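Structure data follow from structure.cif (mmCIF, C-alpha atoms (C1' of nucleotides)):
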```cif
data_start
#
loop_
_atom_site.label_atom_id
_atom_site.label_comp_id
_atom_site.auth_asym_id
_atom_site.auth_seq_id
_atom_site.Cartn_x
_atom_site.Cartn_y
_atom_site.Cartn_z
CA MET A 29 0.00 0.00 0.00
CA ASN A 30 1.55 3.27 -1.05
CA LEU A 31 0.46 6.82 -1.69
CA LEU A 32 -0.12 6.26 -5.40
CA PHE A 33 -2.32 3.28 -4.68
CA ILE A 34 -4.44 5.35 -2.31
CA PHE A 35 -4.62 8.10 -4.91
CA LYS A 36 -5.93 5.70 -7.53
CA ARG A 37 -8.59 4.35 -5.20
CA LEU A 38 -9.71 7.84 -4.21
CA LYS A 39 -9.89 8.89 -7.83
CA ARG A 40 -11.85 5.82 -8.80
CA ARG A 41 -14.27 6.49 -5.93
CA TYR A 42 -14.75 10.24 -6.31
CA GLY A 43 -13.70 10.98 -9.88
CA PRO A 44 -11.79 14.03 -11.12
CA GLN A 45 -12.29 17.07 -8.89
CA HIS A 46 -11.45 19.87 -11.34
CA TRP A 47 -9.75 22.10 -8.79
CA TRP A 48 -9.35 25.00 -8.14
CA PRO A 49 -12.92 26.33 -8.47
CA ALA A 50 -11.97 29.78 -9.83
CA LYS A 51 -11.96 31.61 -13.13
CA THR A 52 -8.50 33.19 -13.02
CA PRO A 53 -5.20 32.76 -11.15
CA PHE A 54 -5.95 36.00 -9.31
CA GLU A 55 -9.22 34.56 -8.09
CA VAL A 56 -7.39 31.46 -6.90
CA ILE A 57 -5.17 33.68 -4.77
CA VAL A 58 -8.12 35.59 -3.34
CA GLY A 59 -9.94 32.33 -2.66
CA ALA A 60 -6.91 30.82 -0.98
CA ILE A 61 -6.83 33.68 1.51
CA LEU A 62 -10.59 33.75 2.04
CA THR A 63 -10.89 30.03 2.71
CA GLN A 64 -8.38 30.12 5.55
CA ASN A 65 -10.07 28.29 8.41
CA ALA A 66 -13.41 28.67 6.66
CA SER A 67 -15.59 26.42 4.56
CA TRP A 68 -15.25 26.84 0.82
CA GLU A 69 -18.96 27.62 0.63
CA ASN A 70 -18.50 30.69 2.82
CA ALA A 71 -15.39 31.74 0.94
CA ALA A 72 -17.32 31.41 -2.32
CA ARG A 73 -20.04 33.70 -0.98
CA ALA A 74 -17.40 36.28 -0.18
CA ILE A 75 -15.92 35.97 -3.67
CA GLN A 76 -19.35 36.40 -5.20
CA ASN A 77 -19.80 39.59 -3.17
CA LEU A 78 -16.45 40.86 -4.43
CA ARG A 79 -17.52 40.06 -7.97
CA SER A 80 -20.87 41.79 -7.71
CA LYS A 81 -19.24 44.84 -6.13
CA LYS A 82 -16.67 44.76 -8.92
CA ILE A 83 -13.68 44.53 -6.63
CA LEU A 84 -12.45 41.14 -7.78
CA SER A 85 -9.40 42.29 -9.69
CA PHE A 86 -5.98 43.63 -8.84
CA SER A 87 -6.71 47.21 -9.90
CA ALA A 88 -10.13 47.35 -8.22
CA MET A 89 -8.82 45.81 -5.04
CA LYS A 90 -5.93 48.23 -5.00
CA LYS A 91 -8.33 51.17 -5.16
CA ALA A 92 -10.85 49.78 -2.69
CA ASP A 93 -10.44 50.72 0.92
CA THR A 94 -10.03 48.04 3.53
CA ALA A 95 -13.46 48.71 5.04
CA ALA A 96 -15.16 48.05 1.70
CA LEU A 97 -13.23 44.86 1.29
CA SER A 98 -14.01 43.64 4.76
CA SER A 99 -17.69 44.41 4.29
CA ALA A 100 -17.80 42.35 1.09
CA ILE A 101 -16.04 39.34 2.51
CA ARG A 102 -18.01 39.05 5.75
CA PRO A 103 -19.38 35.58 4.94
CA ALA A 104 -15.85 34.13 4.92
CA GLY A 105 -15.36 35.01 8.58
CA TYR A 106 -12.37 36.83 10.11
CA PHE A 107 -13.26 39.54 7.63
CA ASN A 108 -11.13 42.28 9.18
CA VAL A 109 -8.07 40.06 9.22
CA LYS A 110 -8.67 38.73 5.73
CA ALA A 111 -9.31 42.18 4.25
CA ARG A 112 -5.94 43.24 5.62
CA ARG A 113 -4.33 40.11 4.20
CA LEU A 114 -5.80 40.75 0.76
CA LYS A 115 -4.47 44.28 0.91
CA ASN A 116 -1.07 42.98 1.99
CA PHE A 117 -0.93 40.72 -1.05
CA ILE A 118 -2.08 43.51 -3.38
CA GLY A 119 0.60 45.81 -1.97
CA PHE A 120 3.24 43.13 -2.46
CA LEU A 121 2.13 42.35 -6.03
CA ASP A 122 2.01 46.04 -6.87
CA LYS A 123 5.38 46.88 -5.44
CA GLU A 124 7.37 43.90 -6.66
CA TYR A 125 5.60 42.86 -9.87
CA SER A 126 3.66 45.94 -10.95
CA GLY A 127 0.44 44.08 -10.22
CA ASP A 128 1.25 41.37 -12.76
CA VAL A 129 0.48 37.87 -11.48
CA GLY A 130 2.14 36.40 -14.58
CA ARG A 131 5.41 38.06 -13.64
CA LEU A 132 5.13 36.77 -10.09
CA PHE A 133 4.65 33.26 -11.40
CA ARG A 134 7.80 33.47 -13.52
CA GLU A 135 9.72 33.01 -10.28
CA ASP A 136 10.96 29.47 -9.81
CA LEU A 137 9.04 27.34 -7.36
CA LEU A 138 11.18 27.88 -4.30
CA GLY A 139 11.65 31.57 -5.01
CA LEU A 140 7.94 32.01 -5.45
CA ARG A 141 7.23 30.18 -2.20
CA GLU A 142 9.69 32.36 -0.32
CA LYS A 143 8.16 35.51 -1.79
CA LEU A 144 4.62 34.48 -0.88
CA LEU A 145 5.58 33.46 2.65
CA GLY A 146 7.03 36.92 3.07
CA VAL A 147 3.56 38.42 2.77
CA ASN A 148 1.88 38.81 6.15
CA GLY A 149 -1.20 36.61 6.08
CA ILE A 150 0.11 34.04 3.63
CA GLY A 151 1.30 30.96 5.47
CA PRO A 152 2.47 27.58 4.20
CA GLU A 153 -0.87 26.18 3.08
CA THR A 154 -2.04 29.36 1.40
CA ALA A 155 1.32 29.80 -0.34
CA ASP A 156 1.35 26.22 -1.57
CA SER A 157 -2.25 26.42 -2.75
CA ILE A 158 -1.34 29.48 -4.79
CA ILE A 159 1.79 27.82 -6.20
CA LEU A 160 -0.05 24.64 -7.17
CA TYR A 161 -3.49 25.85 -8.18
CA ALA A 162 -2.74 29.30 -9.56
CA ALA A 163 0.84 28.98 -10.84
CA GLY A 164 0.55 25.30 -11.77
CA LYS A 165 3.88 24.40 -10.20
CA PRO A 166 4.33 21.01 -8.49
CA ILE A 167 4.14 21.39 -4.72
CA PHE A 168 2.04 19.25 -2.41
CA VAL A 169 -0.56 21.15 -0.39
CA VAL A 170 -1.03 19.99 3.18
CA ASP A 171 -4.11 20.95 5.13
CA ALA A 172 -5.97 19.88 8.24
CA TYR A 173 -7.68 17.11 6.26
CA THR A 174 -4.39 15.72 4.96
CA LYS A 175 -2.99 15.63 8.44
CA ARG A 176 -6.10 14.08 9.92
CA VAL A 177 -6.49 11.37 7.33
CA PHE A 178 -2.88 10.34 6.95
CA SER A 179 -2.03 10.44 10.64
CA ARG A 180 -5.00 8.19 11.27
CA LEU A 181 -3.64 5.88 8.64
CA GLY A 182 -0.34 5.81 10.43
CA PHE A 183 1.62 7.34 7.55
CA VAL A 184 2.67 10.38 9.56
CA LYS A 185 2.66 11.24 13.25
CA GLU A 186 -0.26 13.17 14.64
CA THR A 187 2.25 15.76 15.81
CA ALA A 188 3.96 16.01 12.42
CA SER A 189 4.62 19.52 11.21
CA TYR A 190 3.43 20.94 7.92
CA GLY A 191 6.87 20.50 6.39
CA GLU A 192 7.23 16.93 7.58
CA ILE A 193 3.93 15.91 6.02
CA GLN A 194 4.73 17.74 2.82
CA ASP A 195 8.12 16.04 2.61
CA TYR A 196 6.49 12.68 3.19
CA PHE A 197 4.32 13.09 0.12
CA MET A 198 6.83 14.79 -2.11
CA LYS A 199 9.54 12.20 -1.51
CA ARG A 200 7.17 9.40 -2.46
CA LEU A 201 5.25 10.81 -5.39
CA PRO A 202 6.32 11.87 -8.87
CA ARG A 203 6.66 15.65 -8.97
CA LYS A 204 3.74 16.39 -11.21
CA ALA A 205 1.44 19.34 -10.69
CA GLU A 206 -1.56 17.46 -12.12
CA LEU A 207 -1.05 14.64 -9.63
CA PHE A 208 -0.61 16.97 -6.65
CA ASN A 209 -3.60 19.00 -7.78
CA GLU A 210 -5.91 16.01 -7.95
CA TYR A 211 -4.53 14.28 -4.88
CA HIS A 212 -5.10 17.20 -2.54
CA ALA A 213 -8.58 17.78 -3.94
CA LEU A 214 -9.46 14.13 -3.47
CA ILE A 215 -8.22 14.14 0.12
CA VAL A 216 -10.46 17.11 0.83
CA GLU A 217 -13.42 15.46 -0.83
CA HIS A 218 -12.89 12.22 1.06
CA ALA A 219 -12.33 13.89 4.41
CA LYS A 220 -15.36 16.14 4.03
CA ARG A 221 -17.52 13.10 3.47
CA SER A 222 -16.13 10.74 6.04
CA CYS A 223 -13.86 12.29 8.64
CA ARG A 224 -15.64 15.17 10.30
CA SER A 225 -16.09 13.68 13.73
CA LYS A 226 -13.96 14.59 16.71
CA PRO A 227 -12.30 13.21 18.71
CA LEU A 228 -10.53 11.06 16.20
CA CYS A 229 -12.94 8.59 14.75
CA ALA A 230 -11.64 5.06 14.95
CA SER A 231 -13.90 4.00 12.14
CA CYS A 232 -12.69 6.71 9.82
CA VAL A 233 -11.18 6.35 6.39
CA LEU A 234 -9.31 3.10 6.28
CA SER A 235 -10.83 1.05 9.00
CA SER A 236 -12.78 -1.90 7.70
CA SER A 237 -15.78 -0.68 9.69
CA CYS A 238 -15.84 2.60 7.79
CA ALA A 239 -18.33 2.66 4.97
CA TYR A 240 -16.16 4.94 2.92
CA ALA A 241 -13.09 2.85 3.52
CA ALA A 242 -15.05 -0.22 2.56
CA SER A 243 -16.22 1.48 -0.60
CA LEU A 244 -12.60 2.16 -1.42
CA ASN A 245 -11.65 -1.39 -0.56
CA PHE A 246 -9.24 -0.15 2.07
CA SER A 247 -8.32 -1.79 5.30
CA VAL A 248 -5.75 -0.96 7.92
CA THR A 249 -4.34 -4.47 7.77
CA SER A 250 -3.68 -4.14 4.07
CA LEU A 251 -1.44 -1.17 4.70
"C1'" DG B 2 -26.01 26.33 21.95
"C1'" DG B 3 -21.78 24.06 20.54
"C1'" DC B 4 -18.83 22.46 17.08
"C1'" DC B 5 -16.55 22.88 12.87
"C1'" DA B 6 -14.79 24.70 8.49
"C1'" DG B 7 -9.48 23.61 2.56
"C1'" DG B 8 -4.98 29.05 8.76
"C1'" DA B 9 -1.99 32.52 10.18
"C1'" DC B 10 0.06 35.41 13.41
"C1'" DA B 11 1.40 37.74 17.74
"C1'" DC B 12 3.01 36.77 21.99
"C1'" DC B 13 5.15 34.15 25.47
"C1'" DA B 14 8.17 30.88 27.95
"C1'" DT C 27 10.49 25.19 18.79
"C1'" DG C 28 6.16 24.79 20.87
"C1'" DG C 29 1.89 26.15 23.10
"C1'" DT C 30 -1.98 29.49 23.47
"C1'" DG C 31 -5.19 33.27 22.39
"C1'" DT C 32 -7.28 35.79 18.68
"C1'" DC C 33 -9.74 36.63 14.61
"C1'" DA C 34 -15.78 35.61 13.09
"C1'" DT C 35 -19.36 33.95 9.80
"C1'" DG C 36 -22.70 30.31 8.54
"C1'" DG C 37 -24.37 25.40 8.44
"C1'" DC C 38 -25.68 21.52 11.01
#
```
Take the structure in the file and write it out as structure tokens.
Amino acid sequence: MNLLFIFKRLKRRYGPQHWWPAKTPFEVIVGAILTQNASWENAARAIQNLRSKKILSFSAMKKADTAALSSAIRPAGYFNVKARRLKNFIGFLDKEYSGDVGRLFREDLLGLREKLLGVNGIGPETADSIILYAAGKPIFVVDAYTKRVFSRLGFVKETASYGEIQDYFMKRLPRKAELFNEYHALIVEHAKRSCRSKPLCASCVLSSSCAYAASLNFSVTSL
DNA sequence: GGCCAGGACACCA
DNA sequence: TGGTGTCATGGC
């Protein structure tokens, strides 16, 4: 049982996920910030508000004041914080790349990651989501779902850091953006359907008593 | 009414 | 380096 095998089973079960749900790379970036510790549904509401208020572009967002932004993105939660974070990114993009996302993405993967992490409000997961889903560069995105599912499976420790989990995947998978794209999306889809309960659900994911695991033909003993 | 959702950061020891 | 408090809406 390896990571590619799990990927194939997840894909067979859930099908292609077509991530990221956005129209442009800029919208991916906005969405990545808005979905921080929020459901995608709420982030999508906030994006729709930005769209209808015509502040879903670099130039419009640059002109908009923070109060207008925060008012539009209320449904995503933490709206004051996230409005500031959007502004931080806009300021960074303006200053260093003249507002051109394409120029930003011409940085090599590690350079891009370092640049993004330098923006206050963009942490590891948000940076990697932007790199993978907006820039199309191969980096594995780790989120709470990834950690929950794969620590339960015994692949990584429950206390593993973001970097440790990311290394675990990237050392064992071919470095292909399409694979990383689909894998992360499938983990999210699977976890949303089967792993919501807390404390850790013993029957989650790969236990033979888990309906979803059974549907995937997984079992802990076959690991 | 409580818990959770595709985190990140400031602050502290 | 690691732990804790904070930010906040909307669905179940």
Exercise. Given a cut-off of 10 Å, which residues of chain A touch chain B, counting all atoms listed in the file, written out as a PyMOL selection string?
Worked result: chain A and resi 60-70+109+113+148-154+157+169-174+212-213+215-217+220+224-226
Problem set entry | Residues of chain C within 8 Å of chain A, counting all atoms listed in the file, as a PyMOL selection string | chain C and resi 33-36
Exercise. What does the PyMOL selection byres ((chain A and resi 46) around 10) select in this file, as a VMD selection string?
Worked result: chain A and resid 43 to 45 47 to 49 209 to 210 213 to 214
Exercise. Atom CA of A:Asp128 and atom CA of A:Phe208 are how many Å apart?
Worked result: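 Distance between the two atoms: 25.2 Å.
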Problem set entry | Top pick for closest residue to A:Tyr125, considering A:Leu97, A:Leu138, A:Phe86, A:Leu201 and counting all atoms listed in the file | A:Phe86
For this session: List every protein, DNA or RNA residue that has at least one atom no more than 10 Å from (5.7, 15.9, -2.7) in the file's coordinates, counting only C-alpha atoms (C1' of nucleotides), and write the result as a PyMOL selection string.
Result: chain A and resi 166-170+193-205+207-208
Repair of stretch 167-181 of chain A at the level of N, CA and C atoms, as a PDB file, in the coordinates of the input:
```
ATOM      1  N   ILE A 167       3.857  21.442  -6.146  1.00  0.00           N
ATOM      2  CA  ILE A 167       4.140  21.390  -4.720  1.00  0.00           C
ATOM      3  C   ILE A 167       2.924  20.768  -4.056  1.00  0.00           C
ATOM      4  N   PHE A 168       3.161  19.961  -3.029  1.00  0.00           N
ATOM      5  CA  PHE A 168       2.040  19.250  -2.410  1.00  0.00           C
ATOM      6  C   PHE A 168       1.436  20.114  -1.300  1.00  0.00           C
ATOM      7  N   VAL A 169       0.141  20.328  -1.372  1.00  0.00           N
ATOM      8  CA  VAL A 169      -0.560  21.150  -0.390  1.00  0.00           C
ATOM      9  C   VAL A 169      -1.018  20.285   0.788  1.00  0.00           C
ATOM     10  N   VAL A 170      -0.632  20.705   1.968  1.00  0.00           N
ATOM     11  CA  VAL A 170      -1.030  19.990   3.180  1.00  0.00           C
ATOM     12  C   VAL A 170      -2.067  20.822   3.913  1.00  0.00           C
ATOM     13  N   ASP A 171      -3.128  20.212   4.327  1.00  0.00           N
ATOM     14  CA  ASP A 171      -4.110  20.950   5.130  1.00  0.00           C
ATOM     15  C   ASP A 171      -4.559  20.086   6.285  1.00  0.00           C
ATOM     16  N   ALA A 172      -5.512  20.596   7.050  1.00  0.00           N
ATOM     17  CA  ALA A 172      -5.970  19.880   8.240  1.00  0.00           C
ATOM     18  C   ALA A 172      -6.501  18.496   7.866  1.00  0.00           C
ATOM     19  N   TYR A 173      -7.146  18.402   6.712  1.00  0.00           N
ATOM     20  CA  TYR A 173      -7.680  17.110   6.260  1.00  0.00           C
ATOM     21  C   TYR A 173      -6.549  16.114   5.989  1.00  0.00           C
ATOM     22  N   THR A 174      -5.528  16.592   5.292  1.00  0.00           N
ATOM     23  CA  THR A 174      -4.390  15.720   4.960  1.00  0.00           C
ATOM     24  C   THR A 174      -3.780  15.154   6.230  1.00  0.00           C
ATOM     25  N   LYS A 175      -3.597  16.046   7.195  1.00  0.00           N
ATOM     26  CA  LYS A 175      -2.990  15.630   8.440  1.00  0.00           C
ATOM     27  C   LYS A 175      -3.889  14.632   9.168  1.00  0.00           C
ATOM     28  N   ARG A 176      -5.157  14.933   9.205  1.00  0.00           N
ATOM     29  CA  ARG A 176      -6.100  14.080   9.920  1.00  0.00           C
ATOM     30  C   ARG A 176      -6.162  12.689   9.302  1.00  0.00           C
ATOM     31  N   VAL A 177      -6.334  12.663   8.007  1.00  0.00           N
ATOM     32  CA  VAL A 177      -6.490  11.370   7.330  1.00  0.00           C
ATOM     33  C   VAL A 177      -5.220  10.542   7.402  1.00  0.00           C
ATOM     34  N   PHE A 178      -4.083  11.147   7.068  1.00  0.00           N
ATOM     35  CA  PHE A 178      -2.880  10.340   6.950  1.00  0.00           C
ATOM     36  C   PHE A 178      -2.191  10.064   8.273  1.00  0.00           C
ATOM     37  N   SER A 179      -2.532  10.832   9.316  1.00  0.00           N
ATOM     38  CA  SER A 179      -2.030  10.440  10.640  1.00  0.00           C
ATOM     39  C   SER A 179      -2.882   9.294  11.166  1.00  0.00           C
ATOM     40  N   ARG A 180      -4.158   9.309  10.863  1.00  0.00           N
ATOM     41  CA  ARG A 180      -5.000   8.190  11.270  1.00  0.00           C
ATOM     42  C   ARG A 180      -4.574   6.910  10.588  1.00  0.00           C
ATOM     43  N   LEU A 181      -4.092   7.061   9.383  1.00  0.00           N
ATOM     44  CA  LEU A 181      -3.640   5.880   8.640  1.00  0.00           C
ATOM     45  C   LEU A 181      -2.297   5.377   9.123  1.00  0.00           C
TER      46      LEU A 181
END
```
